[in-house]
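Q: Input: one structure, supplied below.
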Amino acid sequence: MEDFVKINQKVDSISEALQTRHSIREFQNQTIPTEILNKLLSSSLRSPSWKNAQPWQIKVVSGKTRDLLSSRLVNAAQSSQPKPETEWLENYPAKAKKRMFDLGMKVYGVAGIDRKDKAARDEFMLNNFRFFGAPTCIIITTTFDLNFFVGIDIGCYVQSILLLAREHGLGTCAQAALGAFPEVVKDVLELPGEEKVVMGISIGYPKDNSNLNQFHAPREEFNDLIKMYS
Ligand SMILES: Cc1cc2nc3c(=O)[nH]c(=O)nc-3n(C[C@H](O)[C@H](O)[C@H](O)COP(=O)(O)O)c2cc1C
């Protein structure tokens, strides 16, 4: 219960934002005040990038366009296979594969879905394209060639949004899934051909009576990942 309060409260430091943020997968149907959204987006542009490349283009989608994009993406997911413009890695190290499998199982468990129930799992997956109920989604596109450091730059940008949102008491879910059907996004947002759809972030106020929003993905131990030299 304590965590419900925490995820909706503003925080005062980056450490606190980092420690208390986690992906939100159930949002309230509450609009984000324009001044908060603008402040957050404006700060996010301070994100670092290689040689100040700033390879990101940001589309902030709310209202009727959000609803149209959502229904078109749900239709695409129900009737076709993902065709991302970014490369989705197939081969993960065994340890990561296990972690990813465990994550899926835990999330389904919290959502009350039997892991053998494929129809229920598929339906839950579609929530990605409903932006988990968030009033706004941020789509990130780029006109750059998709090289490794462009990805890192965009990663820095995404992390800025996640932390700034947390500072303002907003929840987020970063979603590779929102890059799964780029043609739909381009069509609805009328994007020029050279813009590639990378990913998206659902953003809004977290639902507070939600088991899903209570879920914290575990992290590896300090000593397993960090080695100190002197
Ligand atoms: C680049 C990226 C893509 C992601 N794509 C998705 C996604 O498509 N759907 C989803 O539900 N979560 C997605 N996530 C959220 C991760 O599952 C989540 O960050 C991870 O499990 C750690 O949990 P936490 O964010 O709750 O701390 C993504 C996160 C990142 C950084």
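Lettering and numbering for the structure tokens are positional, with chains as A, B, ... in the shown order, residues counted from 1 in each chain, and ligands counted from 1 in the shown order.
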Determine which residues of region 78-221 of chain A DSSP labels as strand (DSSP E) from the backbone of this structure, then write them out as a list in words.

A: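 So the strand (DSSP E) residues in region 78-221 of chain A would be Thr136, Cys137, Ile138, Ile139, Ile140, Thr141, Thr142, Gly171, Thr172, Cys173, Ala174, Gln175, Lys196, Val197, Val198, Met199, Gly200, Ile201, Ser202, Ile203 and Gly204 of chain A.
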
Q: Just want the 8 Å neighbourhood of Leu69 (chain A), counted on only C-alpha atoms, with same-chain residues fewer than 2 positions away dropped. Output as a short mmCIF file (atom, residue, chain, number, x, y, z; two decimals) with C-alpha atoms, in the first residue's frame.

A:
```cif
data_model
loop_
_atom_site.label_atom_id
_atom_site.label_comp_id
_atom_site.auth_asym_id
_atom_site.auth_seq_id
_atom_site.Cartn_x
_atom_site.Cartn_y
_atom_site.Cartn_z
CA THR A 65 -5.16 11.08 -32.33
CA ARG A 66 -4.11 8.89 -29.40
CA ASP A 67 -7.38 6.96 -29.66
CA SER A 71 -7.14 1.33 -32.34
CA ARG A 72 -5.05 1.13 -35.53
CA LEU A 73 -2.14 -0.45 -33.61
CA VAL A 184 0.61 2.53 -38.81
CA VAL A 185 2.37 5.20 -36.76
CA VAL A 188 -1.72 8.22 -38.40
#
```

Q: Please identify all polymer residues within 10 Å of Asn147 (chain A), counting only C-alpha atoms, omitting same-chain residues fewer than 4 positions from it, and present them as an MDAnalysis selection string.

A: chainID A and resid 86 151:152

Q: Hey, could you make a per-residue contact list for chain A against ligand 1 with 9 Å as the cut-off, showing the nearest pair of atoms and its distance in Å to one decimal, counting only C-alpha atoms and all ligand atoms, sorted by chain and number, as JSON lines?

A:
```
{"residue": "A:Leu18", "atom": "CA", "partner": "ligand 1", "partner_atom_place_in_ligand_line": "27 (O)", "distance": 8.9}
{"residue": "A:Gln19", "atom": "CA", "partner": "ligand 1", "partner_atom_place_in_ligand_line": "27 (O)", "distance": 8.9}
{"residue": "A:Thr20", "atom": "CA", "partner": "ligand 1", "partner_atom_place_in_ligand_line": "27 (O)", "distance": 8.8}
{"residue": "A:Arg21", "atom": "CA", "partner": "ligand 1", "partner_atom_place_in_ligand_line": "27 (O)", "distance": 6.5}
{"residue": "A:His22", "atom": "CA", "partner": "ligand 1", "partner_atom_place_in_ligand_line": "26 (O)", "distance": 3.5}
{"residue": "A:Ser23", "atom": "CA", "partner": "ligand 1", "partner_atom_place_in_ligand_line": "26 (O)", "distance": 3.7}
{"residue": "A:Ile24", "atom": "CA", "partner": "ligand 1", "partner_atom_place_in_ligand_line": "26 (O)", "distance": 7.1}
{"residue": "A:Arg25", "atom": "CA", "partner": "ligand 1", "partner_atom_place_in_ligand_line": "11 (O)", "distance": 6.8}
{"residue": "A:Met100", "atom": "CA", "partner": "ligand 1", "partner_atom_place_in_ligand_line": "21 (O)", "distance": 7.8}
{"residue": "A:Leu103", "atom": "CA", "partner": "ligand 1", "partner_atom_place_in_ligand_line": "21 (O)", "distance": 6.6}
{"residue": "A:Gly104", "atom": "CA", "partner": "ligand 1", "partner_atom_place_in_ligand_line": "17 (O)", "distance": 8.6}
{"residue": "A:Met125", "atom": "CA", "partner": "ligand 1", "partner_atom_place_in_ligand_line": "11 (O)", "distance": 7.8}
{"residue": "A:Asn127", "atom": "CA", "partner": "ligand 1", "partner_atom_place_in_ligand_line": "11 (O)", "distance": 8.4}
{"residue": "A:Asn128", "atom": "CA", "partner": "ligand 1", "partner_atom_place_in_ligand_line": "9 (N)", "distance": 6.0}
{"residue": "A:Phe132", "atom": "CA", "partner": "ligand 1", "partner_atom_place_in_ligand_line": "11 (O)", "distance": 8.6}
{"residue": "A:Gly155", "atom": "CA", "partner": "ligand 1", "partner_atom_place_in_ligand_line": "1 (C)", "distance": 7.0}
{"residue": "A:Val158", "atom": "CA", "partner": "ligand 1", "partner_atom_place_in_ligand_line": "31 (C)", "distance": 7.7}
{"residue": "A:Gln159", "atom": "CA", "partner": "ligand 1", "partner_atom_place_in_ligand_line": "31 (C)", "distance": 7.9}
{"residue": "A:Thr172", "atom": "CA", "partner": "ligand 1", "partner_atom_place_in_ligand_line": "25 (O)", "distance": 8.5}
{"residue": "A:Cys173", "atom": "CA", "partner": "ligand 1", "partner_atom_place_in_ligand_line": "15 (C)", "distance": 5.9}
{"residue": "A:Ala174", "atom": "CA", "partner": "ligand 1", "partner_atom_place_in_ligand_line": "28 (C)", "distance": 4.6}
{"residue": "A:Gln175", "atom": "CA", "partner": "ligand 1", "partner_atom_place_in_ligand_line": "5 (N)", "distance": 3.4}
{"residue": "A:Ala176", "atom": "CA", "partner": "ligand 1", "partner_atom_place_in_ligand_line": "5 (N)", "distance": 3.9}
{"residue": "A:Ala177", "atom": "CA", "partner": "ligand 1", "partner_atom_place_in_ligand_line": "8 (O)", "distance": 3.7}
{"residue": "A:Leu178", "atom": "CA", "partner": "ligand 1", "partner_atom_place_in_ligand_line": "8 (O)", "distance": 6.6}
{"residue": "A:Gly179", "atom": "CA", "partner": "ligand 1", "partner_atom_place_in_ligand_line": "8 (O)", "distance": 8.4}
{"residue": "A:Ala180", "atom": "CA", "partner": "ligand 1", "partner_atom_place_in_ligand_line": "8 (O)", "distance": 8.8}
{"residue": "A:Met199", "atom": "CA", "partner": "ligand 1", "partner_atom_place_in_ligand_line": "3 (C)", "distance": 7.4}
{"residue": "A:Gly200", "atom": "CA", "partner": "ligand 1", "partner_atom_place_in_ligand_line": "3 (C)", "distance": 8.2}
{"residue": "A:Ile201", "atom": "CA", "partner": "ligand 1", "partner_atom_place_in_ligand_line": "4 (C)", "distance": 8.6}
{"residue": "A:Asn213", "atom": "CA", "partner": "ligand 1", "partner_atom_place_in_ligand_line": "26 (O)", "distance": 8.6}
{"residue": "A:Phe215", "atom": "CA", "partner": "ligand 1", "partner_atom_place_in_ligand_line": "26 (O)", "distance": 7.1}
{"residue": "A:His216", "atom": "CA", "partner": "ligand 1", "partner_atom_place_in_ligand_line": "26 (O)", "distance": 5.3}
{"residue": "A:Ala217", "atom": "CA", "partner": "ligand 1", "partner_atom_place_in_ligand_line": "23 (O)", "distance": 4.6}
{"residue": "A:Pro218", "atom": "CA", "partner": "ligand 1", "partner_atom_place_in_ligand_line": "23 (O)", "distance": 7.5}
{"residue": "A:Arg219", "atom": "CA", "partner": "ligand 1", "partner_atom_place_in_ligand_line": "22 (C)", "distance": 8.1}
```

Q: Extract, using only C-alpha atoms, all DNA, RNA and protein residues at most 12 Å from Val11 (chain A), discarding same-chain residues fewer than 2 positions from it, and format them as a ChimeraX atom specification.

A: /A:5-9,13-21,163-170

Q: Record the distance separating CA of Pro192 (chain A) and CA of Gln57 (chain A), expressed in Å with one decimal.

A: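 The value is 11.8 Å.
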
Q: Ranking A:Leu37, A:Met105, A:Ile139, A:Leu126 by minimum distance to Ala77 (chain A) and counting only C-alpha atoms, which one comes first?

A: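 Among the listed residues, A:Leu126 lies closest to Ala77 (chain A).
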
Q: Name the residues of region 11-186 of chain A that come out as helix (DSSP H, G or I) in a backbone DSSP run; write them as a ChimeraX atom specification.

A: /A:14-20,34-44,50-52,63-79,94-110,118-133,148-167,176-179,182-186

Q: Show which residues sit within 9 Å of Pro135 (chain A), as a list in words. Count only C-alpha atoms, and ignore same-chain residues fewer than 6 positions away.

A: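 After dropping sequence-adjacent residues, the list is Phe27, Gln28, Asn29, Gln30, Thr31, Ile32, Val61, Ser62, Gly63, Arg66, Asp67, Ser202, Ile203, Gly204 and Tyr205 of chain A.
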
Q: Enter the distance from CA of Tyr108 (chain A) to CA of Tyr92 (chain A), in Å, rounded to one decimal.

A: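 Computing it gives 21.3 Å between the two atoms.
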
Q: Given the choices A:Leu146, A:Leu189, A:Ala120, A:Cys156, which gets closest to Ser44 (chain A) if the distance is worked out from only C-alpha atoms?

A: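 So, comparing all the options, the nearest one is A:Cys156.
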